[in-house]
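**Q** Input protein11.csv, format and content: CSV, C-alpha atoms.
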```csv
chain,number,residue,atom,x,y,z
L,1,MET,CA,-31.2,20.1,-9.1
L,2,ILE,CA,-29.0,21.9,-6.6
L,3,LEU,CA,-31.6,21.3,-3.9
L,4,ILE,CA,-31.9,17.6,-4.7
L,5,ARG,CA,-28.1,17.2,-4.6
L,6,PHE,CA,-28.0,19.0,-1.2
L,7,LEU,CA,-30.7,16.7,0.2
L,8,ILE,CA,-28.8,13.6,-1.0
L,9,ILE,CA,-25.5,14.8,0.6
L,10,LEU,CA,-27.4,15.6,3.8
L,11,LEU,CA,-29.0,12.2,3.8
L,12,ILE,CA,-25.6,10.4,3.4
L,13,SER,CA,-23.9,12.7,5.9
L,14,SER,CA,-26.4,11.8,8.6
L,15,SER,CA,-26.0,8.1,8.1
L,16,PRO,CA,-24.2,5.9,10.7
L,17,LEU,CA,-20.9,6.1,8.7
L,18,ASN,CA,-19.6,9.1,10.6
L,19,ALA,CA,-17.4,7.0,13.0
L,20,GLN,CA,-14.6,6.7,10.4
L,21,THR,CA,-11.2,5.1,10.5
L,22,ILE,CA,-9.1,6.4,7.6
L,23,ASN,CA,-5.4,6.8,8.6
L,24,LEU,CA,-3.2,9.0,6.4
L,25,ASN,CA,-0.5,9.7,9.0
L,26,SER,CA,2.0,7.5,7.2
L,27,MET,CA,1.2,8.6,3.7
L,28,VAL,CA,4.2,9.4,1.6
L,29,VAL,CA,4.8,10.2,-2.0
L,30,LYS,CA,5.0,6.9,-3.8
L,31,GLU,CA,7.4,6.6,-6.7
L,32,PRO,CA,6.3,4.0,-9.3
L,33,LYS,CA,8.9,1.2,-8.8
L,34,LEU,CA,10.2,-1.2,-11.4
L,35,LYS,CA,9.1,-4.7,-10.6
L,36,GLY,CA,8.6,-8.2,-11.9
L,37,VAL,CA,10.1,-9.2,-15.2
L,38,GLN,CA,11.2,-5.7,-16.0
L,39,PHE,CA,13.1,-5.3,-12.7
L,40,LYS,CA,14.8,-8.7,-13.1
L,41,GLU,CA,15.8,-7.7,-16.7
L,42,PHE,CA,17.3,-4.4,-15.3
L,43,LEU,CA,19.4,-6.3,-12.8
L,44,THR,CA,20.5,-9.3,-14.9
L,45,ASN,CA,24.0,-9.0,-16.3
L,46,HIS,CA,24.0,-5.3,-15.9
L,47,GLU,CA,26.8,-2.8,-15.1
L,48,PHE,CA,25.8,0.7,-14.1
L,49,THR,CA,27.3,3.6,-12.2
L,50,VAL,CA,25.3,5.8,-9.8
L,51,LEU,CA,26.2,9.3,-8.5
L,52,ARG,CA,25.2,11.3,-5.4
L,53,GLY,CA,27.3,14.3,-4.6
L,54,LYS,CA,30.9,13.3,-5.0
L,55,ARG,CA,30.3,9.6,-4.6
L,56,SER,CA,30.5,7.5,-7.8
L,57,ILE,CA,29.6,3.8,-7.3
L,58,THR,CA,29.5,1.1,-9.9
L,59,PHE,CA,27.3,-2.0,-9.6
L,60,THR,CA,28.0,-5.1,-11.6
L,61,PHE,CA,25.5,-7.9,-11.6
L,62,LYS,CA,26.5,-11.3,-13.1
L,63,GLY,CA,24.2,-14.3,-12.5
L,64,LYS,CA,23.4,-14.2,-8.8
L,65,VAL,CA,26.6,-12.4,-7.8
L,66,TYR,CA,27.1,-8.6,-7.6
L,67,GLU,CA,30.2,-6.5,-7.2
L,68,ILE,CA,30.5,-2.8,-6.0
L,69,ARG,CA,33.3,-0.5,-7.0
L,70,GLU,CA,34.0,2.9,-5.7
L,71,ASN,CA,36.7,5.1,-7.3
L,72,ASN,CA,37.6,2.0,-9.4
L,73,ASN,CA,38.4,0.0,-6.2
L,74,LEU,CA,36.5,-3.2,-5.4
L,75,VAL,CA,34.7,-2.5,-2.1
L,76,GLN,CA,32.1,-5.3,-1.8
L,77,LYS,CA,31.0,-8.6,-3.4
L,78,GLY,CA,28.1,-10.8,-2.6
L,79,THR,CA,24.8,-12.4,-3.7
L,80,TRP,CA,21.4,-10.8,-4.5
L,81,LYS,CA,17.9,-12.0,-4.3
L,82,MET,CA,14.5,-10.4,-5.3
L,83,ASN,CA,11.8,-10.3,-2.7
L,84,LEU,CA,8.4,-12.1,-3.1
L,85,ARG,CA,6.7,-8.9,-4.3
L,86,LYS,CA,9.5,-8.5,-6.9
L,87,ASN,CA,9.9,-4.8,-6.4
L,88,ASN,CA,13.1,-4.7,-4.4
L,89,VAL,CA,16.3,-6.7,-4.2
L,90,ARG,CA,18.4,-7.7,-1.2
L,91,LEU,CA,22.2,-7.5,-1.6
L,92,LYS,CA,24.0,-9.8,0.9
L,93,PRO,CA,27.8,-9.3,1.2
L,94,TYR,CA,30.1,-12.3,1.5
L,95,LYS,CA,32.2,-11.1,4.4
L,96,GLY,CA,29.6,-10.5,7.1
L,97,ALA,CA,28.7,-6.9,6.3
L,98,LYS,CA,25.1,-5.8,6.7
L,99,SER,CA,22.7,-6.5,3.9
L,100,PHE,CA,21.0,-3.7,2.1
L,101,TRP,CA,18.2,-3.3,-0.4
L,102,LEU,CA,17.7,-1.6,-3.8
L,103,GLN,CA,14.7,-0.4,-5.8
L,104,LYS,CA,14.6,1.2,-9.2
L,105,PHE,CA,12.3,4.1,-10.3
L,106,LYS,CA,10.2,3.0,-13.2
L,107,GLY,CA,11.0,5.2,-16.2
L,108,LYS,CA,13.7,7.3,-14.6
L,109,PRO,CA,17.4,6.7,-14.0
L,110,LEU,CA,17.0,6.7,-10.2
L,111,VAL,CA,18.0,4.0,-7.7
L,112,PHE,CA,16.9,3.9,-4.1
L,113,HIS,CA,19.2,2.4,-1.4
L,114,TYR,CA,17.7,1.2,1.9
L,115,ASN,CA,19.8,0.2,4.9
L,116,THR,CA,17.1,-2.3,5.9
L,117,LEU,CA,13.9,-3.8,4.5
L,118,PRO,CA,11.8,-1.1,2.7
L,119,GLY,CA,8.8,-0.2,4.8
L,120,LYS,CA,10.4,-1.2,8.1
L,121,GLU,CA,10.3,1.4,10.8
L,122,ASN,CA,13.3,3.8,10.9
L,123,THR,CA,14.5,2.7,7.5
L,124,ILE,CA,17.0,5.1,5.9
L,125,LYS,CA,16.4,5.7,2.1
L,126,THR,CA,19.0,7.3,-0.1
L,127,THR,CA,18.5,8.3,-3.8
L,128,TYR,CA,21.2,7.8,-6.4
L,129,LYS,CA,21.1,8.9,-10.0
L,130,ILE,CA,22.3,6.4,-12.7
L,131,VAL,CA,24.8,8.2,-14.9
L,132,GLU,CA,26.3,5.3,-16.9
L,133,SER,CA,24.8,2.0,-18.1
L,134,ASP,CA,25.6,-0.7,-20.6
L,135,LYS,CA,21.8,-1.2,-21.4
L,136,ASN,CA,20.3,0.9,-24.2
L,137,ASN,CA,16.9,1.5,-22.4
L,138,ILE,CA,18.7,2.9,-19.3
L,139,LYS,CA,20.9,5.1,-21.5
L,140,LYS,CA,17.8,6.6,-23.0
L,141,GLN,CA,16.5,7.4,-19.5
L,142,ILE,CA,19.8,9.0,-18.6
L,143,ALA,CA,19.6,11.2,-21.6
L,144,LYS,CA,16.1,12.4,-20.8
L,145,PHE,CA,16.5,13.0,-17.1
L,146,GLN,CA,17.6,16.4,-15.9
L,147,GLY,CA,18.9,17.2,-12.4
L,148,THR,CA,20.7,15.4,-9.6
L,149,ALA,CA,19.6,12.9,-7.0
L,150,GLU,CA,19.7,15.7,-4.4
L,151,GLU,CA,17.4,17.9,-6.5
L,152,TYR,CA,15.0,15.0,-7.0
L,153,ASP,CA,14.8,14.5,-3.2
L,154,LEU,CA,14.0,18.2,-2.7
L,155,TYR,CA,11.3,18.0,-5.3
L,156,VAL,CA,9.7,15.0,-3.6
L,157,LYS,CA,9.9,16.7,-0.2
L,158,LYS,CA,8.2,19.8,-1.5
L,159,ASN,CA,5.4,18.0,-3.3
L,160,LYS,CA,4.9,15.4,-0.6
L,161,ASN,CA,3.6,18.0,1.8
L,162,ILE,CA,1.3,19.4,-0.9
L,163,LEU,CA,0.0,16.0,-1.9
L,164,ASN,CA,-0.6,14.9,1.7
L,165,LYS,CA,-2.5,18.1,2.5
L,166,THR,CA,-4.7,17.8,-0.6
L,167,ILE,CA,-5.6,14.1,-0.1
L,168,SER,CA,-6.0,14.4,3.7
L,169,ASN,CA,-8.4,17.4,3.3
L,170,THR,CA,-10.4,15.5,0.7
L,171,ILE,CA,-10.7,12.3,2.8
L,172,SER,CA,-11.0,14.0,6.1
L,173,SER,CA,-13.9,16.2,4.9
L,174,ALA,CA,-15.6,13.1,3.5
L,175,THR,CA,-15.1,10.9,6.6
L,176,GLY,CA,-14.3,12.8,9.7
L,177,PHE,CA,-11.0,11.0,10.2
L,178,SER,CA,-10.0,10.8,13.9
L,179,GLY,CA,-6.5,9.4,13.7
L,180,ASP,CA,-6.8,7.4,16.9
L,181,LEU,CA,-4.3,4.5,16.5
L,182,SER,CA,-5.6,2.8,19.6
L,183,LYS,CA,-9.1,2.7,18.3
L,184,PHE,CA,-9.3,-1.1,17.6
L,185,GLY,CA,-8.0,-2.3,21.0
L,186,SER,CA,-5.4,-4.4,19.2
L,187,SER,CA,-2.7,-6.4,20.9
L,188,SER,CA,-0.1,-5.9,18.2
L,189,GLU,CA,0.8,-3.7,15.2
L,190,LEU,CA,-0.1,-6.4,12.8
L,191,THR,CA,-3.7,-6.8,14.1
L,192,HIS,CA,-4.1,-3.0,14.3
L,193,TYR,CA,-3.3,-2.7,10.6
L,194,TYR,CA,-5.5,-5.8,9.8
L,195,PHE,CA,-8.4,-4.1,11.5
L,196,GLU,CA,-7.6,-0.7,9.9
L,197,ALA,CA,-7.4,-2.1,6.4
L,198,SER,CA,-10.6,-4.2,6.9
L,199,ASN,CA,-12.4,-1.2,8.3
L,200,ASN,CA,-11.6,1.2,5.5
L,201,TYR,CA,-12.3,-1.6,2.9
L,202,LEU,CA,-15.7,-2.6,4.5
L,203,ARG,CA,-16.8,1.0,4.8
L,204,ALA,CA,-16.2,1.4,1.0
L,205,LEU,CA,-18.1,-1.8,0.4
L,206,GLU,CA,-21.1,-0.7,2.5
L,207,LEU,CA,-21.4,2.5,0.5
L,208,LEU,CA,-21.0,0.6,-2.8
L,209,TYR,CA,-23.8,-1.9,-1.8
L,210,ARG,CA,-26.0,1.1,-1.1
L,211,ALA,CA,-25.0,2.6,-4.5
L,212,TYR,CA,-26.3,-0.6,-6.1
L,213,ASP,CA,-29.5,-0.4,-4.0
L,214,ASN,CA,-28.7,-3.4,-1.9
L,215,ASN,CA,-29.3,-2.1,1.6
L,216,VAL,CA,-29.7,-5.6,3.1
L,217,GLU,CA,-26.1,-6.4,2.5
L,218,ALA,CA,-25.0,-2.9,3.4
L,219,GLU,CA,-26.7,-3.3,6.8
L,220,LYS,CA,-24.9,-6.7,7.4
L,221,ILE,CA,-21.6,-5.0,6.8
L,222,ASN,CA,-22.5,-2.1,9.0
L,223,ALA,CA,-23.4,-4.6,11.8
L,224,SER,CA,-20.1,-6.3,11.3
L,225,LEU,CA,-18.2,-3.0,11.5
L,226,GLU,CA,-19.9,-2.2,14.8
L,227,TYR,CA,-18.9,-5.6,16.2
L,228,MET,CA,-15.3,-5.2,14.9
L,229,ASN,CA,-14.9,-1.7,16.3
L,230,ASN,CA,-16.2,-2.7,19.7
L,231,SER,CA,-13.0,-3.5,21.7
L,232,LYS,CA,-15.2,-5.1,24.4
L,233,ASN,CA,-15.4,-8.1,22.1
L,234,SER,CA,-12.4,-10.3,22.2
L,235,GLU,CA,-9.7,-9.7,19.5
L,236,GLY,CA,-9.9,-13.3,18.4
L,237,ASP,CA,-13.6,-13.2,17.8
L,238,ARG,CA,-13.3,-9.9,15.9
L,239,LEU,CA,-10.6,-11.3,13.7
L,240,LYS,CA,-12.6,-14.4,12.8
L,241,SER,CA,-15.8,-12.5,12.1
L,242,THR,CA,-14.0,-9.8,10.1
L,243,LYS,CA,-12.4,-12.5,7.8
L,244,LEU,CA,-15.9,-14.0,7.1
L,245,ILE,CA,-17.5,-10.8,6.2
L,246,LEU,CA,-14.5,-9.7,4.0
L,247,ASP,CA,-14.8,-12.9,1.9
L,248,SER,CA,-18.6,-12.9,1.5
L,249,SER,CA,-19.0,-9.1,0.9
L,250,THR,CA,-16.2,-9.0,-1.8
L,251,ASP,CA,-17.6,-12.0,-3.7
L,252,GLY,CA,-21.1,-10.5,-3.7
L,253,LEU,CA,-20.1,-7.1,-4.9
L,254,LYS,CA,-17.8,-7.8,-7.8
L,255,PRO,CA,-20.6,-8.9,-10.3
L,256,ASN,CA,-22.4,-5.6,-9.7
L,257,ILE,CA,-19.3,-3.5,-10.4
L,258,GLN,CA,-18.5,-5.5,-13.5
L,259,ASN,CA,-22.1,-5.0,-14.9
L,260,ALA,CA,-21.5,-2.3,-17.5
L,261,SER,CA,-25.2,-2.0,-18.2
L,262,TYR,CA,-26.2,-0.9,-14.7
L,263,VAL,CA,-27.6,2.6,-14.4
L,264,PHE,CA,-27.2,4.4,-11.1
L,265,SER,CA,-29.8,6.7,-9.5
L,266,GLU,CA,-28.7,10.1,-8.4
L,267,LEU,CA,-28.5,8.8,-4.8
L,268,GLY,CA,-26.6,5.7,-6.0
L,269,ARG,CA,-24.0,7.9,-7.8
L,270,SER,CA,-23.5,9.9,-4.6
L,271,TYR,CA,-22.9,6.7,-2.5
L,272,TYR,CA,-20.4,5.5,-5.1
L,273,GLU,CA,-18.6,8.8,-5.0
L,274,LYS,CA,-18.5,8.7,-1.2
L,275,ALA,CA,-17.0,5.2,-1.3
L,276,LEU,CA,-13.9,6.2,-3.3
L,277,PRO,CA,-12.0,7.9,-0.4
L,278,PHE,CA,-12.5,4.7,1.7
L,279,ALA,CA,-11.4,2.5,-1.2
L,280,TYR,CA,-8.2,4.6,-1.6
L,281,ALA,CA,-7.5,4.6,2.2
L,282,ALA,CA,-8.0,0.8,2.2
L,283,GLY,CA,-5.2,0.6,-0.4
L,284,GLN,CA,-2.9,2.7,1.9
L,285,SER,CA,-3.9,0.6,4.9
L,286,THR,CA,-3.2,-2.6,2.9
L,287,VAL,CA,0.3,-1.4,2.2
L,288,ASN,CA,0.8,-0.8,5.9
L,289,LEU,CA,-0.6,-4.3,6.6
L,290,ILE,CA,1.9,-5.9,4.2
L,291,SER,CA,4.8,-3.9,5.8
L,292,ALA,CA,3.7,-4.9,9.3
L,293,THR,CA,3.5,-8.6,8.3
L,294,SER,CA,7.0,-8.3,6.8
L,295,ARG,CA,8.3,-6.8,10.0
L,296,VAL,CA,6.8,-9.6,12.0
L,297,GLN,CA,8.4,-12.2,9.8
L,298,GLN,CA,11.8,-10.6,10.0
L,299,ASN,CA,11.6,-10.2,13.8
L,300,ILE,CA,10.6,-13.8,14.2
L,301,LYS,CA,13.4,-14.9,12.0
L,302,SER,CA,16.0,-12.8,13.7
L,303,SER,CA,14.9,-13.7,17.2
L,304,GLY,CA,14.9,-17.4,16.4
L,305,SER,CA,11.6,-17.9,18.3
L,306,GLY,CA,8.2,-18.9,17.1
L,307,ILE,CA,5.1,-16.8,16.4
L,308,GLU,CA,3.7,-17.8,19.7
L,309,THR,CA,6.5,-16.0,21.6
L,310,PHE,CA,6.3,-12.9,19.4
L,311,PHE,CA,2.6,-12.5,20.1
L,312,GLN,CA,2.8,-13.6,23.8
L,313,ASN,CA,0.7,-10.6,24.9
L,314,ALA,CA,-2.1,-11.3,22.4
L,315,GLN,CA,-5.5,-12.0,23.7
L,316,ASP,CA,-6.0,-14.9,21.3
L,317,ILE,CA,-2.9,-16.3,19.8
L,318,GLY,CA,-4.9,-19.0,18.0
L,319,ALA,CA,-6.9,-16.5,16.0
L,320,ILE,CA,-3.7,-14.5,15.0
L,321,MET,CA,-2.0,-17.7,13.8
L,322,GLN,CA,-5.0,-18.4,11.6
L,323,ILE,CA,-5.0,-14.9,10.2
L,324,VAL,CA,-1.3,-14.5,9.4
L,325,PRO,CA,-1.2,-17.2,6.6
L,326,GLU,CA,-4.3,-15.6,5.1
L,327,ILE,CA,-2.9,-12.1,4.8
L,328,PRO,CA,-1.2,-12.5,1.3
L,329,LYS,CA,-4.5,-13.8,-0.2
L,330,LEU,CA,-6.5,-11.2,1.6
L,331,THR,CA,-4.3,-8.3,0.4
L,332,LYS,CA,-4.3,-9.6,-3.1
L,333,ASN,CA,-8.1,-9.8,-3.2
L,334,MET,CA,-8.6,-6.4,-1.6
L,335,SER,CA,-6.2,-4.7,-4.0
L,336,SER,CA,-7.9,-6.4,-7.0
L,337,THR,CA,-11.3,-5.2,-5.8
L,338,ILE,CA,-10.1,-1.7,-5.0
L,339,GLY,CA,-8.7,-1.4,-8.6
L,340,LEU,CA,-12.1,-2.7,-9.9
L,341,VAL,CA,-13.9,0.0,-7.9
L,342,PHE,CA,-11.9,2.8,-9.4
L,343,SER,CA,-12.1,1.4,-12.9
L,344,GLY,CA,-15.9,1.1,-12.5
L,345,ALA,CA,-16.0,4.7,-11.3
L,346,LYS,CA,-14.2,5.9,-14.4
L,347,GLU,CA,-16.4,3.8,-16.7
L,348,LYS,CA,-19.6,5.2,-15.0
L,349,LYS,CA,-18.2,8.8,-14.9
L,350,ILE,CA,-18.4,8.9,-11.1
L,351,ARG,CA,-16.7,12.1,-9.7
L,352,ASP,CA,-13.3,11.4,-8.2
L,353,ASN,CA,-12.6,14.2,-5.7
L,354,GLY,CA,-8.8,14.5,-5.1
L,355,ASN,CA,-8.0,12.5,-8.2
L,356,LEU,CA,-7.6,9.4,-6.0
L,357,ASN,CA,-7.5,7.0,-8.9
L,358,ALA,CA,-4.2,8.5,-10.1
L,359,LYS,CA,-2.8,8.4,-6.6
L,360,LEU,CA,-3.9,4.8,-6.2
L,361,LYS,CA,-1.6,3.8,-9.1
L,362,GLU,CA,1.4,5.2,-7.1
L,363,LEU,CA,0.7,2.6,-4.4
L,364,ASP,CA,2.3,-0.9,-4.7
L,365,LEU,CA,-0.9,-2.9,-4.7
L,366,ASP,CA,-0.1,-5.6,-7.1
L,367,PHE,CA,0.9,-8.1,-4.4
L,368,GLU,CA,2.1,-11.5,-5.6
```
For the structure just supplied, provide its representation as structure tokens.
**A**
Amino acid sequence: MILIRFLIILLISSSPLNAQTINLNSMVVKEPKLKGVQFKEFLTNHEFTVLRGKRSITFTFKGKVYEIRENNNLVQKGTWKMNLRKNNVRLKPYKGAKSFWLQKFKGKPLVFHYNTLPGKENTIKTTYKIVESDKNNIKKQIAKFQGTAEEYDLYVKKNKNILNKTISNTISSATGFSGDLSKFGSSSELTHYYFEASNNYLRALELLYRAYDNNVEAEKINASLEYMNNSKNSEGDRLKSTKLILDSSTDGLKPNIQNASYVFSELGRSYYEKALPFAYAAGQSTVNLISATSRVQQNIKSSGSGIETFFQNAQDIGAIMQIVPEIPKLTKNMSSTIGLVFSGAKEKKIRDNGNLNAKLKELDLDFE
């Protein structure tokens, strides 16, 4: 049995999948955030006080208006609005002060303050602990939570390094990650992350098609990957071809994963196992893609110019303009399929090295 498994691993390791693309440089510990209806309920008509060091700040939300008091003095008043993903809220002061953003830890009395849009480069994040609230569920969280905001930050910093090392070692050993950000020959950050997310996702699908003994579709994906990764082909052509293969490959694979009666061969189980690191990395890349898209939208809005001006150095502005509106749908479909892949692995008892399924839940993949 050991010899058979060794031969299977050797066979897979010698396949054309050694030129890998997983990028974990930007991986951070992801706190599960309150979102959707629950986040809206937390904010609506709620008064709570947060503490960090000697600073005690009270937030009062009434309707669409908020007030901030520090040391019982009114210091700010304005309006608030949830973002489209419904996991953060923008607070906009009345008197021209700079907007800021808030997120709430799910299940713990912790609030995160951002000086700019979460996920944007050079964003400063500050943790505050809720110490008083007029809502019973938050009072219960306060009673259960021990420690300060500063102690929580130290805990995250310590465990982030351990987590990143563990997952990076698991995925790097599986894929030979190179970390070359210029690999795709992209003309912008947005197209780089589009290719990175697509590459990780398609590599997962190729292995999954092989797991289900469909080598014909697997070879089609492999050929598409070779075309996408060849920077000699124009960026516009690679964007268009990538979109087509993403749509067709996803639709063709889902029925297989949802087939509970399917029985894998030993080789098929090994292929499925090898696909999981790529599926997880695709989730991380998808988060990066959403953040990059958000930054593009903010930059275009703040500059007052159109998308053509922003991508003036792009090789094919027409292809990019076709891709940008498709990104929300793309990321939603990818995140749905990634979740399905991991649930299928759990159901079929596929080994999950690095406990990636648990880490996947810490990513904000339920895009709306």
**Q** Of the candidates L:Ser270, L:Ser261, L:Thr191, L:Thr49, which one gets nearest to Ser285 in chain L if we count all atoms listed in the file?
**A**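 Of L:Ser270, L:Ser261, L:Thr191, L:Thr49, the one nearest Ser285 in chain L, counting all atoms listed in the file, is L:Thr191.
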**Q** Tell me, as a PyMOL selection string, which residues lie within 12 Å of range 136-143 of chain L, counting all atoms listed in the file; anything in the same chain fewer than 4 positions away does not count.
**A** chain L and resi 38-39+41-43+46-51+104-111+129-132+147-148
**Q** Go ahead and write the residues just picked, C-alpha atoms, as a short mmCIF file (atom, residue, chain, number, x, y, z; two decimals), in the coordinates of the input.
**A**
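Below is the file that was written, again_14.cif:
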```cif
data_model
loop_
_atom_site.label_atom_id
_atom_site.label_comp_id
_atom_site.auth_asym_id
_atom_site.auth_seq_id
_atom_site.Cartn_x
_atom_site.Cartn_y
_atom_site.Cartn_z
CA GLN L 38 11.20 -5.70 -16.00
CA PHE L 39 13.10 -5.30 -12.70
CA GLU L 41 15.80 -7.70 -16.70
CA PHE L 42 17.30 -4.40 -15.30
CA LEU L 43 19.40 -6.30 -12.80
CA HIS L 46 24.00 -5.30 -15.90
CA GLU L 47 26.80 -2.80 -15.10
CA PHE L 48 25.80 0.70 -14.10
CA THR L 49 27.30 3.60 -12.20
CA VAL L 50 25.30 5.80 -9.80
CA LEU L 51 26.20 9.30 -8.50
CA LYS L 104 14.60 1.20 -9.20
CA PHE L 105 12.30 4.10 -10.30
CA LYS L 106 10.20 3.00 -13.20
CA GLY L 107 11.00 5.20 -16.20
CA LYS L 108 13.70 7.30 -14.60
CA PRO L 109 17.40 6.70 -14.00
CA LEU L 110 17.00 6.70 -10.20
CA VAL L 111 18.00 4.00 -7.70
CA LYS L 129 21.10 8.90 -10.00
CA ILE L 130 22.30 6.40 -12.70
CA VAL L 131 24.80 8.20 -14.90
CA GLU L 132 26.30 5.30 -16.90
CA GLY L 147 18.90 17.20 -12.40
CA THR L 148 20.70 15.40 -9.60
#
```
**Q** Return as a Markdown table the residues of range 222-306 of chain L lying at most 7 Å from range 321-344 of chain L, together with the closest atom-to-atom pair for each and the distance in Å to one decimal, counting all atoms listed in the file, with rows in chain order and ascending residue number.
**A**
```
| residue | atom | partner | partner_atom | distance |
| --- | --- | --- | --- | --- |
| L:Ile257 | CA | L:Gly344 | CA | 6.1 |
| L:Ala279 | CA | L:Ile338 | CA | 5.8 |
| L:Gly283 | CA | L:Ser335 | CA | 6.5 |
| L:Thr286 | CA | L:Thr331 | CA | 6.3 |
```
**Q** In Å to one decimal, how far is CA of Asn88 in chain L from CA of Thr116 in chain L?
**A**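 For CA of Thr116 in chain L relative to CA of Asn88 in chain L, the distance reads 11.3 Å.
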**Q** Could you check which of L:Glu196, L:Glu219, L:Glu67, L:Asp237 is closest to Ala282 in chain L, using all atoms listed in the file?
**A** L:Glu196
**Q** Excluding Trp80 in chain L and its own-chain neighbours fewer than 5 positions away, which residues fall within 9 Å of it when counting only C-alpha atoms? Please give them as a list of chain:residue names.
**A**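 Close residues of Trp80 in chain L: L:Phe61, L:Lys64, L:Val65, L:Tyr66, L:Val89, L:Arg90, L:Leu91, L:Lys92, L:Pro93.
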**Q** Store the residues picked out above, limited to C-alpha atoms, as a JSON list (two decimals), in the coordinates of the input.
**A**
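out.json, written as the output of this step:
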```
[["chain", "number", "residue", "atom", "x", "y", "z"],
["L", 61, "PHE", "CA", 25.50, -7.90, -11.60],
["L", 64, "LYS", "CA", 23.40, -14.20, -8.80],
["L", 65, "VAL", "CA", 26.60, -12.40, -7.80],
["L", 66, "TYR", "CA", 27.10, -8.60, -7.60],
["L", 89, "VAL", "CA", 16.30, -6.70, -4.20],
["L", 90, "ARG", "CA", 18.40, -7.70, -1.20],
["L", 91, "LEU", "CA", 22.20, -7.50, -1.60],
["L", 92, "LYS", "CA", 24.00, -9.80, 0.90],
["L", 93, "PRO", "CA", 27.80, -9.30, 1.20]]
```
**Q** Between CA of Glu217 in chain L and CA of Lys232 in chain L, what distance in Å does the model show, to one decimal?
**A**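 We find that CA of Glu217 in chain L and CA of Lys232 in chain L lie 24.5 Å from each other.
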**Q** Between CA of Glu70 in chain L and CA of Tyr155 in chain L, what is the spacing in Å?
**A** 27.3 Å
**Q** Taking all atoms listed in the file into account, which of L:Lys349, L:Arg238, L:Arg55, L:Lys359 comes nearest Tyr280 in chain L?
**A** L:Lys359
**Q** For a cut-off of 10 Å around (35.3, 4.8, -6.0), file coordinates, pick out all residues using all atoms listed in the file and list them as a PyMOL selection string.
**A** chain L and resi 54-58+68-75
